[in-house]
Structure formats: structure tokens, C-alpha cells
Amino acid sequence: MDSGRAEPRLHHIRAFVAVATHGSIRSAARELGMSQPAMTRSIRELEALMNTALLVRGASGVTLTDSGRALERHARMIVSELRRARDSVDQVSGRGRGHVAIGVSATVARTILPAVVARFQKDYPQVSMHLQEGQLSALVERLRSGELDFTISTVDTDTIDHDLRIQPLFDKPFVVVMRHDHPLAGATNPEMLCHARWVLPTPRSGYYAGLYRWLDEKHIINAQSRLECDSFTTSLNLIAQSDMIGVFAQGMVAHHGMAGLVELSLETPLPSARFHLVRHQERPLTPAAERLAQLFEYESRAG
């Protein structure tokens with residue numbers, strides 16, 4: 001360590017993260033309750049301390065340089081870890097304040113999540129919550145940066161990164177969904193769907209990555225026969241109003257009130273999905289986040 005080199009202070013890091021988030025000096029200053037000149041001064045001091053330009057200022061706002069992007073992940077981790085440490089102290093001291101942020105898949109959001117949130121809010125009425133829906137691949141960088149405490153997702157266990165810890169929660173059957181009057185509504189095995197047009201989430205990781213491999217091995221799907229869509233609602237609407245078919249967790253159509261859609265009962269069922277609680281390997285949860293994780297475990301067993 002270079003003892004003669006001054007280190008950035010916390011106000012520099014907070015200012016940088018706010019600017020990186022908003023892409024604007026003015027908006028970042030407003031968030032932190034600073035004047036615009038004070039925000040600009042903090043960023044310039046940080047650039048001097050780092051001995052490099054971190055931002056490119058333009059007419060439409062600011063963007064990060066390569067050096068800025070290298071700093072951003074570490075800066076976000078510093079800010080999130082400080083918040084988490086403060087929340088932990090508050091909660092252990094009997095002051096139930098703080099914040100938890102989690103990511104969940106569409107299946108979790110529409111099944112066990114409401115019961116979990118209701119119980120958690122009774123236990124921690126003063127703790128604010130942030131929920132983000134998506135596959136693990138879309139959430140993993142926020143998990144790594146500390147912006148999310150954990151996610152409940154399907155996972156490709158063969159490729160999970162070593163910095164993440166996974167805990168199995170529950171298994172869920174997945175089924176083919178189509179219009180009740182679809183020409184293939186009488187199909188009894190997956191091979192009969194080989195000429196169908198599919199709408200499926202992007203197969204980055206988790207259940208759908210494995211499903212794509214399974215369908216491809218059976219020569220049921222190819223790049224020309226699928227449309228990739230990561231919105232649950234949009235996918236259902238496409239299926240309801242066209243000859244496209246999709247794959248969802250069993251019972252999701254009923255949960256969403258889509259009476260015109262049916263789930264196929266195939267002689268050879270689709271692979272089932274295993275949902276996991278995914279967290280960072282080395283980052284402890286706050287008491288509130290730990291309680292929320294316990295509630296997901298409880299509801300998973302109850303379901």
C-alpha cells in the first residue's frame with residue numbers, strides 16, 4: 001500500500017455512485033441534498049485522487065470512462081455494505097429500520113411471494129423493501145454489487161459462479177401453454193410440437209437454458225421457430241392472440257386469470273425446475289434479510 005497516497009473519502013464515493021446512477025450531476029446533487037457546484041467539486045477531487053478521468057461530460061449528461069466503469073462496481077459495493085452494516089446494527093439494537101432488496105423470478109412473484117411479503121411486513125413494519133423481477137442472469141450483477149441481498153431463481157448448477165452460494169428451496173413442474181383452440185391443442189407428446197412457433201425467455205441461465213437444450217436435443221425447436229421475450233405478461237398476450245406457444249410453471253395461467261389458455265398434459269413431461277435462494281458467498285445478510293430468507297424457506301416447504 002502506498003502510504004503517501006491520499007485515499008478517497010466516503011463522500012467522494014457516494015457522489016460518484018449517485019452520478020453513475022443518474023447520469024447527471026444535477027440529479028445526483030438533488031438526491032444527496034448537495035449543491036451542483038459541491039457535487040462537481042467532489043467528483044473532481046475523486047478524479048484527482050484516482051489520477052484519472054472517471055466521467056465524460058456531454059450536453060445530454062455524463063457517461064463513465066473505462067476507469068469510471070472499473071471503479072463503479074467497487075464503489076457500489078462500498079455504499080451498499082455501509083448501508084447493510086448500519087441496518088444490521090439498527091436491527092440488532094431493536095430499531096427495526098433498514099432496507100432489503102431481492103430479485104425473484106416471475107414464477108416466485110406469482111406464487112409464494114405475496115405470503116412471504118405479508119409475513120415479513122408484520123415482523124419488520126419499518127423496513128422498506130425493493131423487489132425486482134427477472135432471471136438470475138439479469139440480476140446477478142446487482143447481487144454481486146450488493147444492491148440485492150439475494151434472489152430466488154432457477155439455477156444452472158453446472159455453471160454457477162464460485163462467488164455465489166445456492167440453497168435449494170422447491171421444485172416446480174413446467175408445462176406447455178397455448179390457446180384452448182390452438183391447432184396443436186390435442187398434442188400428447190413434445191415431438192408433436194416440432195412445427196410450432198414458440199415464445200420463450202432468453203436462455204441465459206437457469207431453467208430455460210436447460211429447457212432449450214432439452215428441446216433442441218429432441219429437434220423440437222430451433223432459432224427460426226422461436227421468439228425470445230423476457231416479459232411474462234407480453235408472452236401470455238402473444239400466446240392468447242396468436243398460434244404461438246410457450247412454457248410456464250404449472251398453474252401460472254390460472255394465477256394470471258388467462259381463461260382462454262390451456263396447459264398441455266404430455267405423456268413425456270417437460271423437465272421440472274428447481275428454485276434456489278442465491279446469495280453472495282462472502283456477504284452476510286442483515287437480520288431483516290435473514291428473516292426474509294427464512295420466510296421463503298418456510299413458504300417453500302408449506303407449498
# chains A, B, ... in the order shown; residues from 1 in each chain; ligands from 1
>>> residues_around(residues="Gly58 in chain A", least_positions_apart="4", cutoff="12 Å", atoms="only C-alpha atoms", output="list of chain:residue names")
A:Gly23, A:Ser24, A:Ile25, A:Val62, A:Thr63, A:Leu64
>>> write_last_selection(atoms="N, CA and C atoms", output="compact mmCIF listing (two decimals), in the first residue's frame")
# COMPACT_ATOMS: atom_id res chain seq x y z
N GLY A 23 -26.61 9.53 -14.23
CA GLY A 23 -26.06 10.05 -15.48
C GLY A 23 -26.16 11.55 -15.56
N SER A 24 -26.22 12.20 -14.39
CA SER A 24 -26.43 13.65 -14.35
C SER A 24 -25.88 14.20 -13.04
N ILE A 25 -25.05 15.24 -13.13
CA ILE A 25 -24.54 15.92 -11.94
C ILE A 25 -25.69 16.54 -11.16
N VAL A 62 -23.71 12.82 -18.30
CA VAL A 62 -22.36 12.28 -18.16
C VAL A 62 -22.38 10.77 -18.37
N THR A 63 -21.28 10.26 -18.88
CA THR A 63 -21.09 8.82 -19.02
C THR A 63 -19.76 8.45 -18.37
N LEU A 64 -19.61 7.18 -18.04
CA LEU A 64 -18.39 6.73 -17.38
C LEU A 64 -17.30 6.41 -18.39
>>> residues_around(residues="Cys194 in chain A", least_positions_apart="5", cutoff="8 Å", atoms="only C-alpha atoms", output="PyMOL selection string")
chain A and resi 219-221
>>> closest_atom_pairs(of="range 41-125 of chain A", to="range 268-273 of chain A", cutoff="12 Å", atoms="only C-alpha atoms", output="JSON lines")
{"residue": "A:Ser105", "atom": "CA", "partner": "A:Ala273", "partner_atom": "CA", "distance": 11.9}
{"residue": "A:Thr107", "atom": "CA", "partner": "A:Ala273", "partner_atom": "CA", "distance": 10.5}
{"residue": "A:Val108", "atom": "CA", "partner": "A:Ala273", "partner_atom": "CA", "distance": 11.9}
>>> write_last_selection(atoms="C-alpha atoms", output="compact mmCIF listing (two decimals), in the first residue's frame")
# COMPACT_ATOMS: atom_id res chain seq x y z
CA SER A 105 -38.45 -14.91 -10.98
CA THR A 107 -42.95 -17.83 -11.02
CA VAL A 108 -41.97 -16.84 -7.49
>>> closest_residue(among="A:Leu49, A:Pro201, A:Val19, A:Glu133", to="Ala6 in chain A", atoms="only C-alpha atoms")
A:Leu49
>>> closest_residue(among="A:Arg283, A:Arg274, A:Arg30, A:Arg9", to="Gly210 in chain A", atoms="only C-alpha atoms")
A:Arg274
>>> select_by_dssp(residues="range 111-170 of chain A", states="alpha helix (DSSP H)", output="ChimeraX atom specification")
/A:113-123,136-145
>>> residues_around(residues="Ala115 in chain A", least_positions_apart="2", cutoff="12 Å", atoms="only C-alpha atoms", output="NGL selection string")
:A and (108-113 or 117-122 or 292 or 295-300 or 302-303)
